[in-house]
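K.L.:
Sharing a structure here in structure tokens format.
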Amino acid sequence: MTDALMDPLEERRIASELFNHVWSLLDLVDRTPAQDEAMIHAAHASRWHWGRVGGPEQMAVGEWQCSRVYAVLGRPEPALHHARRCLELSADADPFVQASAHEAMARALAIAGDVDAAKVERNIAYAIAVDLEDDDDRGVIEGDLGTLPI
């Protein structure tokens with residue numbers, strides 16, 4: 001298999017469109033089982049494309065989205081797996097991405113039933129978010145933390 005399956009700009013566009021498509025599915029109040037499956041596949045496809053044309057931050061955000069999808073679907077094991085990958089990839093990332101990684105881990109742990117560990121991760125995410133300079137970024141993290149099932 002060759003490394004150049006497609007033009008890198010086209011691949012970035014596809015990765016971004018898939019990411020946004022996942023969000024449109026996450027926002028649905030009542031998804032069908034087919035939409036749930038499409039959401040899983042689109043999240044993984046977006047992450048795969050970002051792995052080819054993005055850097056560690058884009059890959060971390062892709063892992064974050066995969067974790068979020070599985071958490072929303074009540075599937076703790078894959079949610080935890082992708083949250084761990086997100087944390088690994090975000091170690092040297094922008095603080096917003098780091099806060100998002102801890103939010104993902106908090107959500108995955110909560111879905112897995114480990115509320116105490118979820119609260120620790122939530123508090124780490126919040127501590128990072130408080131220091132974010134961008135009000136919108138801080139609002140996104142705080143909004144996500146407010147939806148944790150703990």
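Labels for the structure tokens follow display order: chains A, B, ..., residues from 1 in each chain, ligands from 1.
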Compile the contact shell of A:Gln98 as a count of residues only: residues with an atom at most 10 Å away, counting only C-alpha atoms, same-chain residues fewer than 2 positions apart removed.
P.N.:
23
K.L.:
Using only C-alpha atoms, which residues sit within 8 Å of stretch 43-49 of chain A once same-chain residues fewer than 5 positions away are excluded, as a PyMOL selection string?
P.N.:
chain A and resi 11-12+14-19+22+54+59+62-63+65-66+69
K.L.:
Please save C-alpha atoms of the selected residues as a PDB file, in the first residue's frame.
P.N.:
ATOM      1  CA  GLU A  11      -7.648  14.154   3.013  1.00  0.00           C
ATOM      2  CA  ARG A  12      -7.723  17.001   5.555  1.00  0.00           C
ATOM      3  CA  ILE A  14     -12.466  14.614   4.446  1.00  0.00           C
ATOM      4  CA  ALA A  15     -11.155  14.240   8.015  1.00  0.00           C
ATOM      5  CA  SER A  16     -12.791  17.519   8.977  1.00  0.00           C
ATOM      6  CA  GLU A  17     -16.086  16.720   7.280  1.00  0.00           C
ATOM      7  CA  LEU A  18     -16.256  13.334   8.968  1.00  0.00           C
ATOM      8  CA  PHE A  19     -15.525  14.968  12.339  1.00  0.00           C
ATOM      9  CA  VAL A  22     -20.077  12.841  13.884  1.00  0.00           C
ATOM     10  CA  GLY A  54      -2.476  15.780  10.984  1.00  0.00           C
ATOM     11  CA  MET A  59      -4.910  12.783  16.425  1.00  0.00           C
ATOM     12  CA  GLY A  62      -9.790  12.372  16.968  1.00  0.00           C
ATOM     13  CA  GLU A  63      -9.239  10.014  19.890  1.00  0.00           C
ATOM     14  CA  GLN A  65     -14.170  12.163  19.606  1.00  0.00           C
ATOM     15  CA  CYS A  66     -13.999   8.371  19.433  1.00  0.00           C
ATOM     16  CA  VAL A  69     -18.980   8.543  20.829  1.00  0.00           C
TER      17      VAL A  69
END
K.L.:
Give me, as an mmCIF file with N, CA, C and O atoms, in the first residue's frame, all polymer residues having an atom no more than 9 Å from A:Lys119, counting only C-alpha atoms and skipping those fewer than 6 positions away in the same chain.
P.N.:
data_model
loop_
_atom_site.group_PDB
_atom_site.id
_atom_site.type_symbol
_atom_site.label_atom_id
_atom_site.label_comp_id
_atom_site.auth_asym_id
_atom_site.auth_seq_id
_atom_site.Cartn_x
_atom_site.Cartn_y
_atom_site.Cartn_z
ATOM 1 N N ALA A 106 -12.563 11.519 32.187
ATOM 2 C CA ALA A 106 -13.591 11.625 33.230
ATOM 3 C C ALA A 106 -14.902 11.014 32.760
ATOM 4 O O ALA A 106 -15.547 10.257 33.494
ATOM 5 N N LEU A 109 -14.545 7.163 32.482
ATOM 6 C CA LEU A 109 -14.534 6.555 33.821
ATOM 7 C C LEU A 109 -15.924 6.579 34.449
ATOM 8 O O LEU A 109 -16.333 5.616 35.109
ATOM 9 N N ALA A 110 -16.648 7.667 34.241
ATOM 10 C CA ALA A 110 -18.006 7.754 34.785
ATOM 11 C C ALA A 110 -18.900 6.689 34.152
ATOM 12 O O ALA A 110 -19.673 6.014 34.856
ATOM 13 N N ILE A 150 -21.744 12.536 36.569
ATOM 14 C CA ILE A 150 -21.271 12.303 37.938
ATOM 15 C C ILE A 150 -21.846 13.346 38.872
ATOM 16 O O ILE A 150 -22.300 14.387 38.469
#
K.L.:
Write out as a list of chain:residue names which residues come within 6 Å of A:His82 when counting only C-alpha atoms, dropping same-chain ones fewer than 3 positions away.
P.N.:
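The residues satisfying every condition are A:Glu63, A:Ser67, A:Ala79, A:Arg85.
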K.L.:
For all heavy atoms, I'd like the residues from the last selection saved as a compact mmCIF listing (two decimals), in the first residue's frame.
P.N.:
# COMPACT_ATOMS: atom_id res chain seq x y z
N GLU A 63 -9.06 11.01 18.82
CA GLU A 63 -9.24 10.01 19.89
C GLU A 63 -10.29 10.49 20.89
O GLU A 63 -11.10 9.71 21.38
CB GLU A 63 -7.92 9.73 20.60
CG GLU A 63 -6.87 9.06 19.75
CD GLU A 63 -7.19 7.62 19.37
OE1 GLU A 63 -8.10 7.00 19.96
OE2 GLU A 63 -6.50 7.11 18.46
N SER A 67 -13.71 8.50 21.84
CA SER A 67 -14.07 8.23 23.23
C SER A 67 -15.46 8.78 23.54
O SER A 67 -16.28 8.11 24.19
CB SER A 67 -13.03 8.84 24.18
OG SER A 67 -13.38 8.58 25.51
N ALA A 79 -14.53 3.48 25.17
CA ALA A 79 -14.45 4.88 25.60
C ALA A 79 -13.16 5.10 26.40
O ALA A 79 -12.44 6.09 26.19
CB ALA A 79 -15.67 5.28 26.43
N ARG A 85 -5.66 6.94 24.87
CA ARG A 85 -4.89 7.35 23.69
C ARG A 85 -4.89 8.88 23.58
O ARG A 85 -3.86 9.48 23.27
CB ARG A 85 -5.47 6.74 22.42
CG ARG A 85 -5.26 5.26 22.29
CD ARG A 85 -3.81 4.89 22.01
NE ARG A 85 -3.36 5.51 20.77
CZ ARG A 85 -2.19 6.16 20.62
NH1 ARG A 85 -1.34 6.24 21.61
NH2 ARG A 85 -1.87 6.71 19.47
K.L.:
Apply DSSP to the backbone of this structure and, from chain A, keep only the residues in helix (DSSP H, G or I); write these as a ChimeraX atom specification.
P.N.:
/A:8-26,33-53,56-72,76-89,95-112,115-130,135-146
K.L.:
Can those selected residues be exported to a file as an mmCIF file, in the first residue's frame so that it contains C-alpha atoms?
P.N.:
data_model
loop_
_atom_site.group_PDB
_atom_site.id
_atom_site.type_symbol
_atom_site.label_atom_id
_atom_site.label_comp_id
_atom_site.auth_asym_id
_atom_site.auth_seq_id
_atom_site.Cartn_x
_atom_site.Cartn_y
_atom_site.Cartn_z
ATOM 1 C CA PRO A 8 -3.216 15.711 1.582
ATOM 2 C CA LEU A 9 -5.495 18.757 1.312
ATOM 3 C CA GLU A 10 -8.376 16.566 0.189
ATOM 4 C CA GLU A 11 -7.648 14.154 3.013
ATOM 5 C CA ARG A 12 -7.723 17.001 5.555
ATOM 6 C CA ARG A 13 -11.067 18.134 4.140
ATOM 7 C CA ILE A 14 -12.466 14.614 4.446
ATOM 8 C CA ALA A 15 -11.155 14.240 8.015
ATOM 9 C CA SER A 16 -12.791 17.519 8.977
ATOM 10 C CA GLU A 17 -16.086 16.720 7.280
ATOM 11 C CA LEU A 18 -16.256 13.334 8.968
ATOM 12 C CA PHE A 19 -15.525 14.968 12.339
ATOM 13 C CA ASN A 20 -18.345 17.452 11.777
ATOM 14 C CA HIS A 21 -20.681 14.676 10.617
ATOM 15 C CA VAL A 22 -20.077 12.841 13.884
ATOM 16 C CA TRP A 23 -21.095 15.990 15.753
ATOM 17 C CA SER A 24 -24.315 16.215 13.750
ATOM 18 C CA LEU A 25 -25.096 12.657 14.835
ATOM 19 C CA LEU A 26 -24.095 13.284 18.456
ATOM 20 C CA PRO A 33 -29.164 2.001 15.566
ATOM 21 C CA ALA A 34 -27.954 2.623 12.002
ATOM 22 C CA GLN A 35 -27.024 6.205 12.927
ATOM 23 C CA ASP A 36 -25.168 4.928 15.991
ATOM 24 C CA GLU A 37 -23.135 2.609 13.763
ATOM 25 C CA ALA A 38 -22.514 5.384 11.238
ATOM 26 C CA MET A 39 -21.331 7.629 14.076
ATOM 27 C CA ILE A 40 -18.794 5.041 15.244
ATOM 28 C CA HIS A 41 -17.462 4.453 11.747
ATOM 29 C CA ALA A 42 -17.281 8.161 10.894
ATOM 30 C CA ALA A 43 -15.396 8.936 14.114
ATOM 31 C CA HIS A 44 -12.860 6.214 13.378
ATOM 32 C CA ALA A 45 -12.554 7.270 9.742
ATOM 33 C CA SER A 46 -11.947 10.891 10.750
ATOM 34 C CA ARG A 47 -9.292 9.797 13.238
ATOM 35 C CA TRP A 48 -7.634 7.582 10.629
ATOM 36 C CA HIS A 49 -7.431 10.408 8.115
ATOM 37 C CA TRP A 50 -6.058 12.803 10.758
ATOM 38 C CA GLY A 51 -3.450 10.192 11.574
ATOM 39 C CA ARG A 52 -2.246 10.454 7.990
ATOM 40 C CA VAL A 53 -2.302 14.239 7.514
ATOM 41 C CA PRO A 56 -0.453 14.796 17.503
ATOM 42 C CA GLU A 57 -3.061 17.406 18.417
ATOM 43 C CA GLN A 58 -5.398 16.443 15.576
ATOM 44 C CA MET A 59 -4.910 12.783 16.425
ATOM 45 C CA ALA A 60 -5.644 13.520 20.107
ATOM 46 C CA VAL A 61 -8.845 15.328 19.155
ATOM 47 C CA GLY A 62 -9.790 12.372 16.968
ATOM 48 C CA GLU A 63 -9.239 10.014 19.890
ATOM 49 C CA TRP A 64 -11.284 12.378 22.058
ATOM 50 C CA GLN A 65 -14.170 12.163 19.606
ATOM 51 C CA CYS A 66 -13.999 8.371 19.433
ATOM 52 C CA SER A 67 -14.071 8.232 23.232
ATOM 53 C CA ARG A 68 -17.035 10.624 23.338
ATOM 54 C CA VAL A 69 -18.980 8.543 20.829
ATOM 55 C CA TYR A 70 -18.468 5.363 22.816
ATOM 56 C CA ALA A 71 -19.317 7.116 26.094
ATOM 57 C CA VAL A 72 -22.547 8.474 24.617
ATOM 58 C CA PRO A 76 -17.074 2.003 28.614
ATOM 59 C CA GLU A 77 -14.243 -0.231 27.388
ATOM 60 C CA PRO A 78 -13.708 1.479 24.009
ATOM 61 C CA ALA A 79 -14.445 4.884 25.600
ATOM 62 C CA LEU A 80 -11.620 4.272 28.088
ATOM 63 C CA HIS A 81 -9.281 2.981 25.388
ATOM 64 C CA HIS A 82 -9.680 6.103 23.254
ATOM 65 C CA ALA A 83 -9.532 8.420 26.276
ATOM 66 C CA ARG A 84 -6.187 6.858 27.241
ATOM 67 C CA ARG A 85 -4.891 7.354 23.692
ATOM 68 C CA CYS A 86 -6.107 10.945 23.800
ATOM 69 C CA LEU A 87 -4.233 11.565 27.048
ATOM 70 C CA GLU A 88 -1.052 10.030 25.604
ATOM 71 C CA LEU A 89 -1.222 12.112 22.442
ATOM 72 C CA PRO A 95 -3.811 23.239 27.075
ATOM 73 C CA PHE A 96 -7.276 23.145 25.477
ATOM 74 C CA VAL A 97 -6.491 19.710 24.037
ATOM 75 C CA GLN A 98 -5.056 18.570 27.372
ATOM 76 C CA ALA A 99 -8.200 19.709 29.205
ATOM 77 C CA SER A 100 -10.315 17.900 26.606
ATOM 78 C CA ALA A 101 -8.308 14.726 27.141
ATOM 79 C CA HIS A 102 -8.987 14.789 30.879
ATOM 80 C CA GLU A 103 -12.650 15.504 30.204
ATOM 81 C CA ALA A 104 -12.761 12.445 27.936
ATOM 82 C CA MET A 105 -11.160 10.308 30.617
ATOM 83 C CA ALA A 106 -13.591 11.625 33.230
ATOM 84 C CA ARG A 107 -16.546 10.795 30.993
ATOM 85 C CA ALA A 108 -15.230 7.322 30.166
ATOM 86 C CA LEU A 109 -14.534 6.555 33.821
ATOM 87 C CA ALA A 110 -18.006 7.754 34.785
ATOM 88 C CA ILE A 111 -19.584 5.505 32.154
ATOM 89 C CA ALA A 112 -17.444 2.639 33.515
ATOM 90 C CA VAL A 115 -17.059 7.926 39.855
ATOM 91 C CA ASP A 116 -14.185 8.726 42.218
ATOM 92 C CA ALA A 117 -11.590 8.492 39.447
ATOM 93 C CA ALA A 118 -13.927 10.406 37.125
ATOM 94 C CA LYS A 119 -14.071 13.264 39.642
ATOM 95 C CA VAL A 120 -10.270 13.376 39.809
ATOM 96 C CA GLU A 121 -10.059 13.666 36.005
ATOM 97 C CA ARG A 122 -12.853 16.241 35.972
ATOM 98 C CA ASN A 123 -10.954 18.341 38.487
ATOM 99 C CA ILE A 124 -7.749 18.142 36.426
ATOM 100 C CA ALA A 125 -9.665 19.232 33.315
ATOM 101 C CA TYR A 126 -11.273 22.080 35.197
ATOM 102 C CA ALA A 127 -7.925 23.239 36.638
ATOM 103 C CA ILE A 128 -6.489 23.406 33.120
ATOM 104 C CA ALA A 129 -9.606 25.117 31.749
ATOM 105 C CA VAL A 130 -9.525 27.863 34.372
ATOM 106 C CA ASP A 135 -13.009 32.512 26.819
ATOM 107 C CA ASP A 136 -14.644 30.381 24.121
ATOM 108 C CA ASP A 137 -12.235 27.500 24.718
ATOM 109 C CA ARG A 138 -12.798 27.726 28.457
ATOM 110 C CA GLY A 139 -16.552 27.747 27.873
ATOM 111 C CA VAL A 140 -16.381 24.627 25.714
ATOM 112 C CA ILE A 141 -14.474 22.691 28.368
ATOM 113 C CA GLU A 142 -16.654 23.922 31.215
ATOM 114 C CA GLY A 143 -19.777 23.099 29.194
ATOM 115 C CA ASP A 144 -18.543 19.567 28.522
ATOM 116 C CA LEU A 145 -17.603 19.111 32.171
ATOM 117 C CA GLY A 146 -21.105 20.202 33.124
#
K.L.:
With only C-alpha atoms as the basis for distance, which of A:Leu73, A:Thr147, A:Gly113, A:Leu5 is at the shortest distance from A:Thr32?
P.N.:
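Closest to A:Thr32, using only C-alpha atoms: A:Leu73.
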